[in-house]
Amino acid sequence: MSNSNSRLFFLDAIRAWAILMMLQGHFIDGLLDNAFRNDTNMLFSTWKYFRGITAPVFFTVSGFIFTFLLIRSKQTGWSNPRVKKGIKRGFELLVIAYLLRMNIFGLFKGEIYDSFYLVDVLHCIGLSLLFIIGFYILTYAKQKWIFPTILASTTLLLFVFEPIYKTVSFEFLPQVFANYLTKANGSVFTIIPWLGYATIGSFMSVIFSKYQESKNLYNYIIPAYVVTGLTLIFLSSDFFLSVYDFTGIELFQSINNNNYLFIRLGDVLIVFSIFILLRKFLMNATWLRIGQSTLSIYIIHFIILYGSFTGVGLYRFFHHSLNPYFVFPGAILFMFASTYLALKYEDHKVEIKSNVRAVLSTTRIYLEQFAIIAFEVLRTVTEKVLRVLGLIKN
């Protein structure tokens, strides 16, 4: 196994950790009774803080892995096979995200519920991949520093100007598009500012790839991540307050008042540094498979918890109603069940897809035959009715 390939294993380990944290986070947040949500409780506040790390880590590692594979190819531009695969993957994630919010019973009534149009993490990751591809296509023929500069600049601009655009309702846009930009209608995530985590992950990947053959890479990258991460966590708020005191620009005070984006980026870098440091101990095959099966795990957990397609899920029956003695062991069981089912699906994915295609093909044949028969019956009945009315002759 090549050295460059082995460097990806710690990323799969990070993804495995992130998806498991997402599962327990969604379960506890959705089912824990409000009476137990007390920020003064050290256990709850600690859980709440670490839950907030999950999404930034997931977006960052997604951008990192995608870009690592994108720029590793010897072909460039549209000739790069990763471009077409990435475009397909991006739109695939968008389609899956909308399907997970579809309610079959609503369709039978001829209705599409408003929740179908809400934007979640899967929408934003899919769209983020398309943005990264767009930046790559626009810059691949130019000097190499332009691509990472655009990536880092995108993150900086989205994070710095977040206090301004988060107050915009985007009412002038159709709701299906506005939901990508504002949470006013109920979207869980929006492409701004979350694209910023994907692009900073992409930027980190470019730097990582540039020095990946260096024997001392980890000796530099781990302390760099730790120092930068701790600086963002503990000093970034004071920095923006100092800039406000010096310039008088209200924007920097607003950032200081709610500096979650830069602090969470610091958390991400600390998480990366820990997993890189422990990379030699994270080679368990099952753990790595979990990291490589995050989409399947996400889909299955969404169906079980939120009741995709049917509206019948745990969320419907136990929403904010369980005490900690039930919700914490339940979260562990939920993580295990979702992961187990996803890995079983991955084991039989080819066979399942083949059977689904066969069923769809058979269904299509029967529908075609039914349509032909129905057309003939309708034509015969129509002719008889027209004869009775004297509108046509025998």
# chains A, B, ... in the order shown; residues from 1 in each chain; ligands from 1
call {"tool": "residues_around", "arguments": {"residues": "Ala97 in chain A", "least_positions_apart": "4", "cutoff": "8 Å", "atoms": "only C-alpha atoms", "output": "list of chain:residue names"}}
result
A:Leu93, A:Arg101, A:Asp120, A:Leu122, A:His123
call {"tool": "write_last_selection", "arguments": {"atoms": "N, CA, C and O atoms", "output": "JSON list (two decimals), in the first residue's frame"}}
result
[["chain", "number", "residue", "atom", "x", "y", "z"],
["A", 93, "LEU", "N", -26.48, 13.74, -4.41],
["A", 93, "LEU", "CA", -26.75, 14.12, -3.03],
["A", 93, "LEU", "C", -27.97, 15.03, -2.93],
["A", 93, "LEU", "O", -28.78, 14.92, -2.01],
["A", 101, "ARG", "N", -36.97, 13.90, 2.16],
["A", 101, "ARG", "CA", -37.99, 14.80, 2.73],
["A", 101, "ARG", "C", -39.35, 14.64, 2.05],
["A", 101, "ARG", "O", -40.26, 15.41, 2.32],
["A", 120, "ASP", "N", -31.14, 20.78, 4.16],
["A", 120, "ASP", "CA", -30.44, 20.12, 5.25],
["A", 120, "ASP", "C", -28.98, 19.92, 4.86],
["A", 120, "ASP", "O", -28.53, 20.38, 3.81],
["A", 122, "LEU", "N", -27.30, 17.42, 3.71],
["A", 122, "LEU", "CA", -27.00, 16.72, 2.47],
["A", 122, "LEU", "C", -27.11, 17.65, 1.26],
["A", 122, "LEU", "O", -26.30, 17.56, 0.32],
["A", 123, "HIS", "N", -28.11, 18.54, 1.28],
["A", 123, "HIS", "CA", -28.22, 19.53, 0.21],
["A", 123, "HIS", "C", -26.95, 20.37, 0.13],
["A", 123, "HIS", "O", -26.40, 20.58, -0.97]]
call {"tool": "closest_atom_pairs", "arguments": {"of": "range 34-146 of chain A", "to": "range 245-260 of chain A", "cutoff": "12 Å", "atoms": "only C-alpha atoms", "output": "tab-separated table"}}
result
residue	atom	partner	partner_atom	distance
A:Tyr49	CA	A:Tyr260	CA	10.8
A:Gly52	CA	A:Tyr260	CA	9.4
A:Ile53	CA	A:Tyr260	CA	10.2
A:Pro56	CA	A:Tyr260	CA	10.6
call {"tool": "write_last_selection", "arguments": {"atoms": "N, CA and C atoms", "output": "PDB file, in the first residue's frame"}}
result
ATOM      1  N   TYR A  49     -21.885  21.375  23.457  1.00  0.00           N
ATOM      2  CA  TYR A  49     -20.724  21.983  22.796  1.00  0.00           C
ATOM      3  C   TYR A  49     -20.123  21.025  21.777  1.00  0.00           C
ATOM      4  N   GLY A  52     -22.004  20.569  18.625  1.00  0.00           N
ATOM      5  CA  GLY A  52     -21.824  21.655  17.676  1.00  0.00           C
ATOM      6  C   GLY A  52     -20.590  21.520  16.805  1.00  0.00           C
ATOM      7  N   ILE A  53     -19.677  20.626  17.183  1.00  0.00           N
ATOM      8  CA  ILE A  53     -18.465  20.412  16.386  1.00  0.00           C
ATOM      9  C   ILE A  53     -18.745  19.515  15.183  1.00  0.00           C
ATOM     10  N   PRO A  56     -19.435  21.103  11.393  1.00  0.00           N
ATOM     11  CA  PRO A  56     -18.228  21.700  10.810  1.00  0.00           C
ATOM     12  C   PRO A  56     -17.177  20.673  10.422  1.00  0.00           C
TER      13      PRO A  56
END
call {"tool": "residues_around", "arguments": {"residues": "range 143-150 of chain A", "least_positions_apart": "4", "cutoff": "8 Å", "atoms": "only C-alpha atoms", "output": "ChimeraX atom specification"}}
result
/A:135-136,139,154,202-203,206
call {"tool": "atom_distance", "arguments": {"atom1": "CA of Lys183 in chain A", "atom2": "CA of Gly110 in chain A"}}
result
26.4 Å
call {"tool": "decode", "arguments": {"residues": "range 70-96 of chain A", "atoms": "N, CA and C atoms", "output": "PDB file, in the first residue's frame"}}
result
ATOM      1  N   LEU A  70      -9.655  14.873  -6.303  1.00  0.00           N
ATOM      2  CA  LEU A  70      -9.787  15.690  -7.512  1.00  0.00           C
ATOM      3  C   LEU A  70      -8.428  16.101  -8.062  1.00  0.00           C
ATOM      4  N   ILE A  71      -7.561  16.623  -7.207  1.00  0.00           N
ATOM      5  CA  ILE A  71      -6.286  17.161  -7.683  1.00  0.00           C
ATOM      6  C   ILE A  71      -5.197  16.098  -7.778  1.00  0.00           C
ATOM      7  N   ARG A  72      -5.480  14.909  -7.263  1.00  0.00           N
ATOM      8  CA  ARG A  72      -4.481  13.837  -7.362  1.00  0.00           C
ATOM      9  C   ARG A  72      -4.392  13.276  -8.768  1.00  0.00           C
ATOM     10  N   SER A  73      -5.458  13.413  -9.555  1.00  0.00           N
ATOM     11  CA  SER A  73      -5.475  12.889 -10.923  1.00  0.00           C
ATOM     12  C   SER A  73      -4.449  13.610 -11.793  1.00  0.00           C
ATOM     13  N   LYS A  74      -3.826  12.869 -12.676  1.00  0.00           N
ATOM     14  CA  LYS A  74      -2.843  13.454 -13.584  1.00  0.00           C
ATOM     15  C   LYS A  74      -3.512  14.296 -14.663  1.00  0.00           C
ATOM     16  N   GLN A  75      -4.753  13.963 -14.996  1.00  0.00           N
ATOM     17  CA  GLN A  75      -5.495  14.767 -15.968  1.00  0.00           C
ATOM     18  C   GLN A  75      -6.053  16.008 -15.295  1.00  0.00           C
ATOM     19  N   THR A  76      -6.231  17.049 -16.068  1.00  0.00           N
ATOM     20  CA  THR A  76      -6.720  18.312 -15.522  1.00  0.00           C
ATOM     21  C   THR A  76      -7.962  18.777 -16.275  1.00  0.00           C
ATOM     22  N   GLY A  77      -8.654  19.733 -15.679  1.00  0.00           N
ATOM     23  CA  GLY A  77      -9.835  20.313 -16.327  1.00  0.00           C
ATOM     24  C   GLY A  77     -10.921  19.279 -16.534  1.00  0.00           C
ATOM     25  N   TRP A  78     -11.637  19.416 -17.644  1.00  0.00           N
ATOM     26  CA  TRP A  78     -12.737  18.502 -17.943  1.00  0.00           C
ATOM     27  C   TRP A  78     -12.252  17.095 -18.245  1.00  0.00           C
ATOM     28  N   SER A  79     -10.962  16.938 -18.548  1.00  0.00           N
ATOM     29  CA  SER A  79     -10.400  15.605 -18.802  1.00  0.00           C
ATOM     30  C   SER A  79     -10.224  14.814 -17.506  1.00  0.00           C
ATOM     31  N   ASN A  80     -10.238  15.511 -16.401  1.00  0.00           N
ATOM     32  CA  ASN A  80     -10.103  14.860 -15.105  1.00  0.00           C
ATOM     33  C   ASN A  80     -11.372  14.060 -14.811  1.00  0.00           C
ATOM     34  N   PRO A  81     -11.281  12.726 -14.679  1.00  0.00           N
ATOM     35  CA  PRO A  81     -12.491  11.925 -14.452  1.00  0.00           C
ATOM     36  C   PRO A  81     -13.213  12.277 -13.169  1.00  0.00           C
ATOM     37  N   ARG A  82     -12.486  12.854 -12.210  1.00  0.00           N
ATOM     38  CA  ARG A  82     -13.093  13.224 -10.938  1.00  0.00           C
ATOM     39  C   ARG A  82     -14.060  14.397 -11.073  1.00  0.00           C
ATOM     40  N   VAL A  83     -13.921  15.166 -12.143  1.00  0.00           N
ATOM     41  CA  VAL A  83     -14.832  16.290 -12.355  1.00  0.00           C
ATOM     42  C   VAL A  83     -16.239  15.775 -12.644  1.00  0.00           C
ATOM     43  N   LYS A  84     -16.343  14.868 -13.613  1.00  0.00           N
ATOM     44  CA  LYS A  84     -17.656  14.324 -13.960  1.00  0.00           C
ATOM     45  C   LYS A  84     -18.235  13.489 -12.814  1.00  0.00           C
ATOM     46  N   LYS A  85     -17.363  12.735 -12.144  1.00  0.00           N
ATOM     47  CA  LYS A  85     -17.834  11.968 -10.994  1.00  0.00           C
ATOM     48  C   LYS A  85     -18.333  12.893  -9.890  1.00  0.00           C
ATOM     49  N   GLY A  86     -17.619  14.001  -9.702  1.00  0.00           N
ATOM     50  CA  GLY A  86     -18.009  14.956  -8.667  1.00  0.00           C
ATOM     51  C   GLY A  86     -19.328  15.640  -8.977  1.00  0.00           C
ATOM     52  N   ILE A  87     -19.519  16.001 -10.237  1.00  0.00           N
ATOM     53  CA  ILE A  87     -20.786  16.620 -10.642  1.00  0.00           C
ATOM     54  C   ILE A  87     -21.934  15.640 -10.424  1.00  0.00           C
ATOM     55  N   LYS A  88     -21.699  14.397 -10.843  1.00  0.00           N
ATOM     56  CA  LYS A  88     -22.727  13.370 -10.637  1.00  0.00           C
ATOM     57  C   LYS A  88     -23.023  13.179  -9.160  1.00  0.00           C
ATOM     58  N   ARG A  89     -21.964  13.163  -8.351  1.00  0.00           N
ATOM     59  CA  ARG A  89     -22.137  12.966  -6.920  1.00  0.00           C
ATOM     60  C   ARG A  89     -22.884  14.136  -6.290  1.00  0.00           C
ATOM     61  N   GLY A  90     -22.537  15.352  -6.691  1.00  0.00           N
ATOM     62  CA  GLY A  90     -23.195  16.525  -6.149  1.00  0.00           C
ATOM     63  C   GLY A  90     -24.683  16.509  -6.399  1.00  0.00           C
ATOM     64  N   PHE A  91     -25.079  16.242  -7.646  1.00  0.00           N
ATOM     65  CA  PHE A  91     -26.507  16.208  -7.975  1.00  0.00           C
ATOM     66  C   PHE A  91     -27.189  14.996  -7.343  1.00  0.00           C
ATOM     67  N   GLU A  92     -26.455  13.900  -7.215  1.00  0.00           N
ATOM     68  CA  GLU A  92     -26.998  12.715  -6.554  1.00  0.00           C
ATOM     69  C   GLU A  92     -27.359  13.022  -5.102  1.00  0.00           C
ATOM     70  N   LEU A  93     -26.479  13.743  -4.413  1.00  0.00           N
ATOM     71  CA  LEU A  93     -26.751  14.116  -3.028  1.00  0.00           C
ATOM     72  C   LEU A  93     -27.967  15.033  -2.931  1.00  0.00           C
ATOM     73  N   LEU A  94     -28.106  15.955  -3.880  1.00  0.00           N
ATOM     74  CA  LEU A  94     -29.268  16.849  -3.885  1.00  0.00           C
ATOM     75  C   LEU A  94     -30.563  16.067  -4.085  1.00  0.00           C
ATOM     76  N   VAL A  95     -30.553  15.120  -5.018  1.00  0.00           N
ATOM     77  CA  VAL A  95     -31.745  14.311  -5.283  1.00  0.00           C
ATOM     78  C   VAL A  95     -32.101  13.474  -4.063  1.00  0.00           C
ATOM     79  N   ILE A  96     -31.098  12.824  -3.466  1.00  0.00           N
ATOM     80  CA  ILE A  96     -31.348  12.004  -2.275  1.00  0.00           C
ATOM     81  C   ILE A  96     -31.883  12.863  -1.140  1.00  0.00           C
TER      82      ILE A  96
END
